[in-house]
Amino acid sequence: MLIHNADVATIFNQIADLLEIKSDNPFRVRAYRNAARTLNALTSSVQTMVAEKRDLTDLPGIGVDLAGKIVEIVTTGTCALREQLHRQFPPSVHELLTVPGLGPKRVNTLYRQRNIRTLDQLYSSAHNGQIRNIPGFGVRAEQRILEALRTQQSKKKRYRLDLAESIAGSLLEYLRAPGDIKKIEIAGSIRRRQETVGDLDILISSSRPRLIIQRFVKFEGVTQILTQGITRASVVLRQGMQVDLRVVSNDSFGAALHYFTGSKSHSIAVRTLAQKRGLKMNEYGVFSGTRRIASETEAAVFQAVGLPYIEPELRENRGEFAAAQSGKLPQLIHLADLAGDLHSHTKASNGRNSLREMAIEAKKRGLSYLAITDHSRSLTVAHGLNAEGLTRQMDEIDQLNTELGLKLLKGCEVEINEDGTLDLPDSILERLDIVVAAVHSKFGLSRERQTKRILRAMDHPCFTLLAHPSGRLILEREPYDVDMQQIILHARQRGCFLELNAQPSRLDLTDTYCMMAKSEGVLISVNSDAHSIFDFDNLRFGIGQARRGWLEKKDVLNTLSIAQLLLSISHSGK
DNA sequence: AGAGGTGCCTCTGAAGATACTCCTATCTT
């Protein structure tokens, strides 16, 4: 049975929830949650590690006991502790926690005192007015539960970064309009450029918080007001997305922005650090006793606790503190560092614009080279090109290269066949400047076969880089099962490259694999995969993901000048 | 339950706003 790290993490989180409902030792609860987080961030498969008899206690937050439970789960698929807890609390009790306003204490009360085990039972109890008499509950709590269950609010969705940004756009415009706002910023996971967003966090500095809050909750897109206080409010928008707004005074904007940007675990770590220095830190500033010593800017806040400025994309408590303290924070790549783009389409296959239009637009965006990489023949749904079509396109590129001040590279997004061969004959591949190879079929192969397929493709002397290496579509399609570590190691040996596809629906490689590639010295190409002239906008999403992966200019292939690039990709095997 | 220092014990993830019910639970980064 195939058990993913996420499966083990889910079981650990379930155990943590149940222990919490049981009011067990809070540190024990945290230990299970920490272990779950470790497993979710881990790039190597824990099941493989068990098979290879690796020592799991080397992992942070995993000791003898939890290592034993991991072995138990990856071999049996379940865990005796969870089964035991399920005898005390039926599995369905767990879902009561998803109702906003219900935490472990109240869920415990509901089960122990009223034997409420399911959302249906909760609904009918609330409907019959039986909740209001339970100690710790009241009429308002009862109404809130009914409301939440009616609107399915417990099913918290996540949204793709690009969608979340566009929803935020109109709201920001509305908030800004009257002009009584000094500063306004989107914080939270959008600012950290996380690939999906759960809710919008907006921070405003103004001397009139009440007015701002009142206007906020009257925005025409608001369908529900969750909380409304003097300095903060939470609403739900028509699209289902929750928005949290916080208003502070101008002089504490930096401290509030740091707090509101998160991540949660980063914030906690910084506050702990402040504590160790005898300081106190909250969203109003850093305090020595009652004296505020920093608050206006994030840089000042970091400085007050002895840290250099840490970029939002690094704030995940994934090593940024160790790096900061040893002066080894990366100089993260910027959009302007990109010299070219190595993956784009024209209407010769499934793009919308002509070769010339794409080239002109790329030049307008400040790029000095663009690889044209239309699909190859067997991807018929995308009107893939055969040898003849590609030859014709190459002639056209030769012509354009004489008249445009931008270098067009002859390329192709070539299908990797099931057996790892490439979709076009060597005679044509050899004439290309760049071969972007990709898997678009047979996603269901076993891990071994999928990995072998890609490794074989990489061994082709013309192979330049692997497009969207995991094949995932964010919130739509899981990645295919592949040993990414082996692919990265092979890329290093073979001297070829991996793509970070910048389409907001892909962002593939993921941040953690970017880190792995960087540590192995494998360069990443941040590519738009543009199918129209507008899609060069994708690049900024790709750069966001690259920055989350700690990538610097030197780690990214397409920051090289055209001369250096041609040298690098010709060394990749041809 | 883990980590770290010592061989069993101590410490471990901050801080505040809001809503609710009656003193605290929940939510947020």
# chains A, B, ... in the order shown; residues from 1 in each chain; ligands from 1

$ closest_atom_pairs --of "chain A" --to "chain B" --cutoff "8 Å" --atoms "only C-alpha atoms (C1' of nucleotides)" --output "JSON lines"
{"residue": "A:Phe27", "atom": "CA", "partner": "B:DA1", "partner_atom": "C1'", "distance": 6.7}
{"residue": "A:Arg28", "atom": "CA", "partner": "B:DA1", "partner_atom": "C1'", "distance": 4.3}
{"residue": "A:Val29", "atom": "CA", "partner": "B:DA1", "partner_atom": "C1'", "distance": 7.5}
{"residue": "A:Arg30", "atom": "CA", "partner": "B:DA1", "partner_atom": "C1'", "distance": 7.8}
{"residue": "A:Ala31", "atom": "CA", "partner": "B:DA1", "partner_atom": "C1'", "distance": 5.1}
{"residue": "A:Tyr32", "atom": "CA", "partner": "B:DA1", "partner_atom": "C1'", "distance": 7.1}
{"residue": "A:Gly61", "atom": "CA", "partner": "B:DG2", "partner_atom": "C1'", "distance": 5.8}
{"residue": "A:Ile62", "atom": "CA", "partner": "B:DG2", "partner_atom": "C1'", "distance": 6.8}
{"residue": "A:Gly63", "atom": "CA", "partner": "B:DG2", "partner_atom": "C1'", "distance": 5.9}
{"residue": "A:Asp65", "atom": "CA", "partner": "B:DA1", "partner_atom": "C1'", "distance": 7.8}
{"residue": "A:Leu66", "atom": "CA", "partner": "B:DA1", "partner_atom": "C1'", "distance": 7.9}
{"residue": "A:Gly101", "atom": "CA", "partner": "B:DT26", "partner_atom": "C1'", "distance": 6.0}
{"residue": "A:Leu102", "atom": "CA", "partner": "B:DT26", "partner_atom": "C1'", "distance": 7.3}
{"residue": "A:Gly103", "atom": "CA", "partner": "B:DT26", "partner_atom": "C1'", "distance": 6.6}
{"residue": "A:Lys105", "atom": "CA", "partner": "B:DA25", "partner_atom": "C1'", "distance": 7.6}
{"residue": "A:Gly136", "atom": "CA", "partner": "B:DT21", "partner_atom": "C1'", "distance": 6.7}
{"residue": "A:Phe137", "atom": "CA", "partner": "B:DT21", "partner_atom": "C1'", "distance": 7.4}
{"residue": "A:Gly138", "atom": "CA", "partner": "B:DT21", "partner_atom": "C1'", "distance": 7.2}
{"residue": "A:Arg140", "atom": "CA", "partner": "B:DC20", "partner_atom": "C1'", "distance": 7.8}
{"residue": "A:Ala141", "atom": "CA", "partner": "B:DC20", "partner_atom": "C1'", "distance": 7.7}
{"residue": "A:Gly188", "atom": "CA", "partner": "B:DT29", "partner_atom": "C1'", "distance": 7.5}
{"residue": "A:Thr227", "atom": "CA", "partner": "B:DT18", "partner_atom": "C1'", "distance": 7.1}
{"residue": "A:Gln228", "atom": "CA", "partner": "B:DT18", "partner_atom": "C1'", "distance": 7.8}
{"residue": "A:Gly229", "atom": "CA", "partner": "B:DT18", "partner_atom": "C1'", "distance": 6.7}
{"residue": "A:Arg232", "atom": "CA", "partner": "B:DA17", "partner_atom": "C1'", "distance": 7.6}
{"residue": "A:Tyr259", "atom": "CA", "partner": "B:DT29", "partner_atom": "C1'", "distance": 5.4}
{"residue": "A:Phe260", "atom": "CA", "partner": "B:DT29", "partner_atom": "C1'", "distance": 5.0}
{"residue": "A:Thr261", "atom": "CA", "partner": "B:DT29", "partner_atom": "C1'", "distance": 6.6}
{"residue": "A:Gly262", "atom": "CA", "partner": "B:DT29", "partner_atom": "C1'", "distance": 4.9}
{"residue": "A:Ser263", "atom": "CA", "partner": "B:DT29", "partner_atom": "C1'", "distance": 6.3}
{"residue": "A:Lys264", "atom": "CA", "partner": "B:DT29", "partner_atom": "C1'", "distance": 4.9}
{"residue": "A:Ser265", "atom": "CA", "partner": "B:DG13", "partner_atom": "C1'", "distance": 7.8}
{"residue": "A:Ser267", "atom": "CA", "partner": "B:DT29", "partner_atom": "C1'", "distance": 6.8}
{"residue": "A:Ile268", "atom": "CA", "partner": "B:DA14", "partner_atom": "C1'", "distance": 5.3}
{"residue": "A:Ala269", "atom": "CA", "partner": "B:DG13", "partner_atom": "C1'", "distance": 7.2}
{"residue": "A:Arg271", "atom": "CA", "partner": "B:DA14", "partner_atom": "C1'", "distance": 5.5}
{"residue": "A:Thr272", "atom": "CA", "partner": "B:DA14", "partner_atom": "C1'", "distance": 6.6}
{"residue": "A:Met281", "atom": "CA", "partner": "B:DA15", "partner_atom": "C1'", "distance": 7.8}
{"residue": "A:Asn282", "atom": "CA", "partner": "B:DA15", "partner_atom": "C1'", "distance": 6.0}

$ write_last_selection --atoms "N, CA and C atoms" --output "short mmCIF file (atom, residue, chain, number, x, y, z; two decimals), in the first residue's frame"
data_model
loop_
_atom_site.label_atom_id
_atom_site.label_comp_id
_atom_site.auth_asym_id
_atom_site.auth_seq_id
_atom_site.Cartn_x
_atom_site.Cartn_y
_atom_site.Cartn_z
N PHE A 27 1.30 19.86 25.50
CA PHE A 27 2.59 19.69 24.83
C PHE A 27 2.62 18.41 24.01
N ARG A 28 1.86 17.44 24.49
CA ARG A 28 1.72 16.21 23.71
C ARG A 28 0.95 16.50 22.42
N VAL A 29 -0.10 17.29 22.53
CA VAL A 29 -0.87 17.70 21.36
C VAL A 29 0.04 18.40 20.35
N ARG A 30 0.83 19.33 20.88
CA ARG A 30 1.71 20.10 20.00
C ARG A 30 2.74 19.21 19.32
N ALA A 31 3.21 18.20 20.07
CA ALA A 31 4.20 17.29 19.49
C ALA A 31 3.64 16.61 18.23
N TYR A 32 2.37 16.18 18.28
CA TYR A 32 1.76 15.55 17.11
C TYR A 32 1.60 16.55 15.97
N GLY A 61 11.56 17.01 15.63
CA GLY A 61 10.24 16.80 16.25
C GLY A 61 9.78 15.35 16.24
N ILE A 62 10.63 14.45 15.74
CA ILE A 62 10.29 13.03 15.74
C ILE A 62 11.23 12.30 16.69
N GLY A 63 10.67 11.73 17.74
CA GLY A 63 11.47 10.94 18.67
C GLY A 63 11.16 9.47 18.51
N ASP A 65 9.06 7.45 20.05
CA ASP A 65 7.64 7.08 20.00
C ASP A 65 7.00 7.40 18.65
N LEU A 66 7.18 8.64 18.19
CA LEU A 66 6.53 9.03 16.92
C LEU A 66 7.16 8.30 15.74
N GLY A 101 -16.35 28.82 15.67
CA GLY A 101 -16.89 29.08 17.00
C GLY A 101 -16.84 27.85 17.90
N LEU A 102 -16.62 26.70 17.31
CA LEU A 102 -16.48 25.48 18.11
C LEU A 102 -15.02 25.05 18.15
N GLY A 103 -14.46 25.04 19.33
CA GLY A 103 -13.11 24.55 19.53
C GLY A 103 -13.16 23.27 20.34
N LYS A 105 -12.82 22.56 23.52
CA LYS A 105 -13.56 22.56 24.79
C LYS A 105 -15.06 22.39 24.56
N GLY A 136 -21.76 27.30 29.00
CA GLY A 136 -20.74 27.72 28.04
C GLY A 136 -21.33 28.11 26.70
N PHE A 137 -22.61 27.84 26.49
CA PHE A 137 -23.28 28.23 25.25
C PHE A 137 -24.42 29.19 25.59
N GLY A 138 -24.93 29.84 24.60
CA GLY A 138 -26.06 30.75 24.80
C GLY A 138 -26.86 30.85 23.53
N ARG A 140 -26.83 33.22 21.32
CA ARG A 140 -26.00 33.66 20.19
C ARG A 140 -25.16 32.53 19.62
N ALA A 141 -24.60 31.72 20.51
CA ALA A 141 -23.80 30.58 20.06
C ALA A 141 -24.66 29.63 19.22
N GLY A 188 -0.66 38.82 4.97
CA GLY A 188 -1.00 37.39 4.94
C GLY A 188 -0.29 36.61 3.85
N THR A 227 -17.30 39.18 12.34
CA THR A 227 -17.03 39.94 13.58
C THR A 227 -16.84 41.39 13.18
N GLN A 228 -17.18 42.28 14.08
CA GLN A 228 -17.00 43.70 13.81
C GLN A 228 -16.67 44.41 15.11
N GLY A 229 -15.42 44.81 15.26
CA GLY A 229 -15.02 45.54 16.45
C GLY A 229 -14.59 46.94 16.09
N ARG A 232 -10.87 45.97 14.20
CA ARG A 232 -10.80 44.85 13.26
C ARG A 232 -12.18 44.33 12.95
N TYR A 259 3.21 41.42 11.87
CA TYR A 259 2.31 40.48 12.51
C TYR A 259 1.31 39.90 11.51
N PHE A 260 0.72 40.79 10.70
CA PHE A 260 -0.37 40.38 9.82
C PHE A 260 0.13 39.63 8.59
N THR A 261 1.41 39.73 8.30
CA THR A 261 1.97 39.00 7.17
C THR A 261 2.27 37.55 7.55
N GLY A 262 2.61 37.32 8.82
CA GLY A 262 2.90 35.95 9.24
C GLY A 262 4.18 35.44 8.63
N SER A 263 4.36 34.11 8.42
CA SER A 263 3.37 33.12 8.80
C SER A 263 3.23 33.06 10.31
N LYS A 264 2.23 32.35 10.74
CA LYS A 264 2.01 32.21 12.16
C LYS A 264 3.26 31.70 12.86
N SER A 265 3.86 30.67 12.30
CA SER A 265 4.98 30.08 13.02
C SER A 265 6.21 31.00 12.98
N SER A 267 5.90 34.34 13.09
CA SER A 267 5.57 35.36 14.08
C SER A 267 5.89 34.89 15.48
N ILE A 268 5.48 33.67 15.78
CA ILE A 268 5.73 33.11 17.10
C ILE A 268 7.23 33.06 17.37
N ALA A 269 7.98 32.61 16.37
CA ALA A 269 9.42 32.50 16.55
C ALA A 269 10.06 33.86 16.82
N ARG A 271 8.58 36.51 18.13
CA ARG A 271 8.18 36.98 19.46
C ARG A 271 8.95 36.24 20.56
N THR A 272 9.21 34.98 20.32
CA THR A 272 10.00 34.22 21.29
C THR A 272 11.42 34.80 21.38
N MET A 281 6.87 41.76 22.35
CA MET A 281 6.52 42.15 20.99
C MET A 281 5.05 41.85 20.72
N ASN A 282 4.34 42.81 20.17
CA ASN A 282 2.98 42.58 19.71
C ASN A 282 2.76 43.40 18.43
#

$ residues_around --residues "A:Asp398" --least-positions-apart "5" --cutoff "9 Å" --atoms "only C-alpha atoms (C1' of nucleotides)" --output "ChimeraX atom specification"
/A:393,408,410

$ residues_around --residues "stretch 441-443 of chain A" --least-positions-apart "5" --cutoff "9 Å" --atoms "only C-alpha atoms (C1' of nucleotides)" --output "ChimeraX atom specification"
/A:379,415-418,450,471,479-481

$ write_last_selection --atoms "all heavy atoms" --output "mmCIF file, in the first residue's frame"
data_model
loop_
_atom_site.group_PDB
_atom_site.id
_atom_site.type_symbol
_atom_site.label_atom_id
_atom_site.label_comp_id
_atom_site.auth_asym_id
_atom_site.auth_seq_id
_atom_site.Cartn_x
_atom_site.Cartn_y
_atom_site.Cartn_z
ATOM 1 N N LEU A 379 0.836 15.474 -29.161
ATOM 2 C CA LEU A 379 -0.164 16.161 -28.329
ATOM 3 C C LEU A 379 -1.179 16.805 -29.275
ATOM 4 O O LEU A 379 -1.213 18.013 -29.482
ATOM 5 C CB LEU A 379 0.494 17.192 -27.406
ATOM 6 C CG LEU A 379 -0.396 17.642 -26.232
ATOM 7 C CD1 LEU A 379 -0.655 16.491 -25.265
ATOM 8 C CD2 LEU A 379 0.213 18.808 -25.479
ATOM 9 N N GLU A 415 6.903 16.078 -26.291
ATOM 10 C CA GLU A 415 6.288 15.036 -25.462
ATOM 11 C C GLU A 415 7.314 13.979 -25.052
ATOM 12 O O GLU A 415 8.103 13.514 -25.876
ATOM 13 C CB GLU A 415 5.177 14.328 -26.252
ATOM 14 C CG GLU A 415 3.986 15.197 -26.540
ATOM 15 C CD GLU A 415 3.366 15.709 -25.265
ATOM 16 O OE1 GLU A 415 2.902 14.886 -24.445
ATOM 17 O OE2 GLU A 415 3.398 16.940 -25.076
ATOM 18 N N ILE A 416 7.277 13.622 -23.797
ATOM 19 C CA ILE A 416 8.036 12.454 -23.341
ATOM 20 C C ILE A 416 7.096 11.254 -23.460
ATOM 21 O O ILE A 416 6.062 11.202 -22.798
ATOM 22 C CB ILE A 416 8.515 12.625 -21.885
ATOM 23 C CG1 ILE A 416 9.434 13.852 -21.772
ATOM 24 C CG2 ILE A 416 9.224 11.369 -21.403
ATOM 25 C CD1 ILE A 416 9.904 14.137 -20.348
ATOM 26 N N ASN A 417 7.443 10.315 -24.341
ATOM 27 C CA ASN A 417 6.599 9.140 -24.535
ATOM 28 C C ASN A 417 6.620 8.256 -23.288
ATOM 29 O O ASN A 417 7.470 8.416 -22.412
ATOM 30 C CB ASN A 417 7.078 8.339 -25.750
ATOM 31 C CG ASN A 417 6.984 9.167 -27.036
ATOM 32 O OD1 ASN A 417 6.059 9.960 -27.200
ATOM 33 N ND2 ASN A 417 7.962 8.983 -27.918
ATOM 34 N N GLU A 418 5.697 7.292 -23.262
ATOM 35 C CA GLU A 418 5.581 6.433 -22.087
ATOM 36 C C GLU A 418 6.885 5.698 -21.778
ATOM 37 O O GLU A 418 7.229 5.461 -20.626
ATOM 38 C CB GLU A 418 4.440 5.424 -22.277
ATOM 39 C CG GLU A 418 4.203 4.586 -21.034
ATOM 40 C CD GLU A 418 3.069 3.582 -21.193
ATOM 41 O OE1 GLU A 418 2.400 3.598 -22.241
ATOM 42 O OE2 GLU A 418 2.865 2.788 -20.267
ATOM 43 N N GLN A 450 7.239 5.930 -13.771
ATOM 44 C CA GLN A 450 7.203 7.350 -14.111
ATOM 45 C C GLN A 450 8.607 7.963 -13.972
ATOM 46 O O GLN A 450 9.050 8.758 -14.810
ATOM 47 C CB GLN A 450 6.206 8.073 -13.196
ATOM 48 C CG GLN A 450 5.757 9.426 -13.674
ATOM 49 C CD GLN A 450 4.878 9.360 -14.911
ATOM 50 O OE1 GLN A 450 5.400 9.307 -16.029
ATOM 51 N NE2 GLN A 450 3.572 9.336 -14.714
ATOM 52 N N GLY A 471 3.672 17.970 -12.896
ATOM 53 C CA GLY A 471 2.423 17.801 -13.619
ATOM 54 C C GLY A 471 1.171 18.220 -12.865
ATOM 55 O O GLY A 471 0.065 18.041 -13.351
ATOM 56 N N PRO A 479 -0.109 16.018 -8.364
ATOM 57 C CA PRO A 479 1.081 15.697 -9.160
ATOM 58 C C PRO A 479 1.138 14.198 -9.444
ATOM 59 O O PRO A 479 0.576 13.421 -8.692
ATOM 60 C CB PRO A 479 2.233 16.104 -8.244
ATOM 61 C CG PRO A 479 1.663 16.140 -6.874
ATOM 62 C CD PRO A 479 0.222 16.496 -7.020
ATOM 63 N N TYR A 480 1.787 13.828 -10.558
ATOM 64 C CA TYR A 480 1.972 12.391 -10.748
ATOM 65 C C TYR A 480 3.053 11.902 -9.795
ATOM 66 O O TYR A 480 3.856 12.684 -9.278
ATOM 67 C CB TYR A 480 2.282 12.018 -12.193
ATOM 68 C CG TYR A 480 3.179 12.955 -12.960
ATOM 69 C CD1 TYR A 480 4.549 13.006 -12.711
ATOM 70 C CD2 TYR A 480 2.648 13.770 -13.955
ATOM 71 C CE1 TYR A 480 5.363 13.865 -13.426
ATOM 72 C CE2 TYR A 480 3.461 14.629 -14.669
ATOM 73 C CZ TYR A 480 4.813 14.674 -14.401
ATOM 74 O OH TYR A 480 5.622 15.514 -15.099
ATOM 75 N N ASP A 481 3.031 10.600 -9.563
ATOM 76 C CA ASP A 481 3.914 10.043 -8.543
ATOM 77 C C ASP A 481 5.298 9.816 -9.144
ATOM 78 O O ASP A 481 5.463 9.036 -10.072
ATOM 79 C CB ASP A 481 3.331 8.721 -8.035
ATOM 80 C CG ASP A 481 3.936 8.303 -6.717
ATOM 81 O OD1 ASP A 481 4.604 9.140 -6.081
ATOM 82 O OD2 ASP A 481 3.743 7.149 -6.329
#

$ residues_around --residues "A:Ile186" --least-positions-apart "6" --cutoff "12 Å" --atoms "only C-alpha atoms (C1' of nucleotides)" --output "PyMOL selection string"
chain A and resi 164-169+171-172+192-193+197+199-204+243-246+256-258+260-262+312

$ closest_residue --among "A:Leu119, A:Ile145, A:Val414, A:Met49" --to "A:Ile131" --atoms "only C-alpha atoms"
A:Ile145

$ residues_around --residues "A:Gly544" --least-positions-apart "4" --cutoff "9 Å" --atoms "only C-alpha atoms (C1' of nucleotides)" --output "list in words"
Arg192, Arg193, Gln194, Glu195, Glu313, Ile333, His334, Leu335, Leu539, Arg540, Arg548 and Gly549 of chain A

$ select_by_dssp --residues "stretch 532-574 of chain A" --states "helix (DSSP H, G or I)" --output "MDAnalysis selection string"
chainID A and resid 533:548 553:555 557:559 562:570

$ residues_around --residues "A:Gly254" --least-positions-apart "6" --cutoff "6 Å" --atoms "only C-alpha atoms (C1' of nucleotides)" --output "list of chain:residue names"
A:Ser295, A:Glu296, A:Thr297, A:Glu298

$ write_last_selection --atoms "all heavy atoms" --output "compact mmCIF listing (two decimals), in the first residue's frame"
# COMPACT_ATOMS: atom_id res chain seq x y z
N SER A 295 8.52 50.27 15.82
CA SER A 295 7.14 50.00 15.40
C SER A 295 6.80 50.53 14.00
O SER A 295 5.90 50.02 13.36
CB SER A 295 6.16 50.62 16.39
OG SER A 295 6.29 52.03 16.38
N GLU A 296 7.53 51.54 13.53
CA GLU A 296 7.07 52.22 12.31
C GLU A 296 7.27 51.42 11.04
O GLU A 296 6.45 51.44 10.15
CB GLU A 296 7.76 53.58 12.17
CG GLU A 296 7.07 54.64 12.99
CD GLU A 296 7.41 56.03 12.49
OE1 GLU A 296 7.39 56.28 11.26
OE2 GLU A 296 7.70 56.87 13.35
N THR A 297 8.40 50.73 10.98
CA THR A 297 8.67 49.95 9.77
C THR A 297 9.04 48.52 10.17
O THR A 297 9.49 48.27 11.29
CB THR A 297 9.86 50.52 8.97
OG1 THR A 297 11.05 50.39 9.77
CG2 THR A 297 9.63 51.98 8.63
N GLU A 298 8.86 47.61 9.24
CA GLU A 298 9.25 46.22 9.50
C GLU A 298 10.75 46.13 9.76
O GLU A 298 11.19 45.38 10.63
CB GLU A 298 8.89 45.35 8.30
CG GLU A 298 7.43 44.99 8.22
CD GLU A 298 7.16 43.91 7.18
OE1 GLU A 298 7.83 43.94 6.12
OE2 GLU A 298 6.29 43.06 7.42

$ atom_distance --atom1 "atom CA of A:Leu97" --atom2 "atom CA of A:Gln130"
18.8 Å

$ closest_atom_pairs --of "stretch 330-377 of chain A" --to "stretch 428-438 of chain A" --cutoff "10 Å" --atoms "only C-alpha atoms" --output "JSON lines"
{"residue": "A:Leu342", "atom": "CA", "partner": "A:Ile434", "partner_atom": "CA", "distance": 8.2}
{"residue": "A:His343", "atom": "CA", "partner": "A:Val436", "partner_atom": "CA", "distance": 7.4}
{"residue": "A:Ala371", "atom": "CA", "partner": "A:Ile434", "partner_atom": "CA", "distance": 7.5}
{"residue": "A:Ile372", "atom": "CA", "partner": "A:Ile434", "partner_atom": "CA", "distance": 9.0}
{"residue": "A:Thr373", "atom": "CA", "partner": "A:Val436", "partner_atom": "CA", "distance": 7.1}
{"residue": "A:Asp374", "atom": "CA", "partner": "A:Val436", "partner_atom": "CA", "distance": 9.5}
{"residue": "A:His375", "atom": "CA", "partner": "A:Ala438", "partner_atom": "CA", "distance": 9.4}
{"residue": "A:Ser376", "atom": "CA", "partner": "A:Ala437", "partner_atom": "CA", "distance": 9.7}

$ select_by_dssp --residues "stretch 400-440 of chain A" --states "strand (DSSP E or B)" --output "tab-separated table (two decimals) with N, CA and C atoms, in the first residue's frame"
chain	number	residue	atom	x	y	z
A	407	LYS	N	16.47	38.07	-29.37
A	407	LYS	CA	16.89	36.78	-29.93
A	407	LYS	C	15.80	35.75	-29.71
A	408	LEU	N	15.27	35.21	-30.80
A	408	LEU	CA	14.32	34.11	-30.69
A	408	LEU	C	15.08	32.79	-30.75
A	409	LEU	N	14.81	31.92	-29.82
A	409	LEU	CA	15.45	30.60	-29.83
A	409	LEU	C	14.50	29.58	-30.43
A	410	LYS	N	15.07	28.69	-31.23
A	410	LYS	CA	14.26	27.63	-31.83
A	410	LYS	C	14.10	26.52	-30.83
A	411	GLY	N	12.85	26.28	-30.46
A	411	GLY	CA	12.62	25.26	-29.45
A	411	GLY	C	11.36	24.48	-29.71
A	412	CYS	N	11.09	23.56	-28.80
A	412	CYS	CA	9.88	22.76	-28.89
A	412	CYS	C	9.58	22.19	-27.50
A	413	GLU	N	8.30	22.17	-27.13
A	413	GLU	CA	7.91	21.46	-25.92
A	413	GLU	C	7.58	20.04	-26.36
A	414	VAL	N	8.56	19.18	-26.21
A	414	VAL	CA	8.47	17.84	-26.79
A	414	VAL	C	7.85	16.86	-25.80
A	415	GLU	N	6.90	16.08	-26.29
A	415	GLU	CA	6.29	15.04	-25.46
A	415	GLU	C	7.31	13.98	-25.05
A	416	ILE	N	7.28	13.62	-23.80
A	416	ILE	CA	8.04	12.45	-23.34
A	416	ILE	C	7.10	11.25	-23.46
A	422	LEU	N	11.65	10.49	-26.90
A	422	LEU	CA	11.05	11.79	-27.23
A	422	LEU	C	10.23	11.66	-28.51
A	434	ILE	N	16.86	24.56	-28.22
A	434	ILE	CA	16.43	24.18	-26.89
A	434	ILE	C	15.28	23.17	-26.96
A	435	VAL	N	15.39	22.13	-26.14
A	435	VAL	CA	14.34	21.12	-26.06
A	435	VAL	C	13.75	21.12	-24.65
A	436	VAL	N	12.50	21.57	-24.58
A	436	VAL	CA	11.77	21.59	-23.31
A	436	VAL	C	10.89	20.34	-23.32
A	437	ALA	N	11.25	19.37	-22.50
A	437	ALA	CA	10.54	18.09	-22.55
A	437	ALA	C	9.50	18.02	-21.45
A	438	ALA	N	8.37	17.37	-21.77
A	438	ALA	CA	7.26	17.40	-20.83
A	438	ALA	C	6.43	16.13	-20.87

$ closest_residue --among "A:Arg472, A:Arg477, A:His531, A:Arg191" --to "A:Ser354" --atoms "only C-alpha atoms"
A:His531
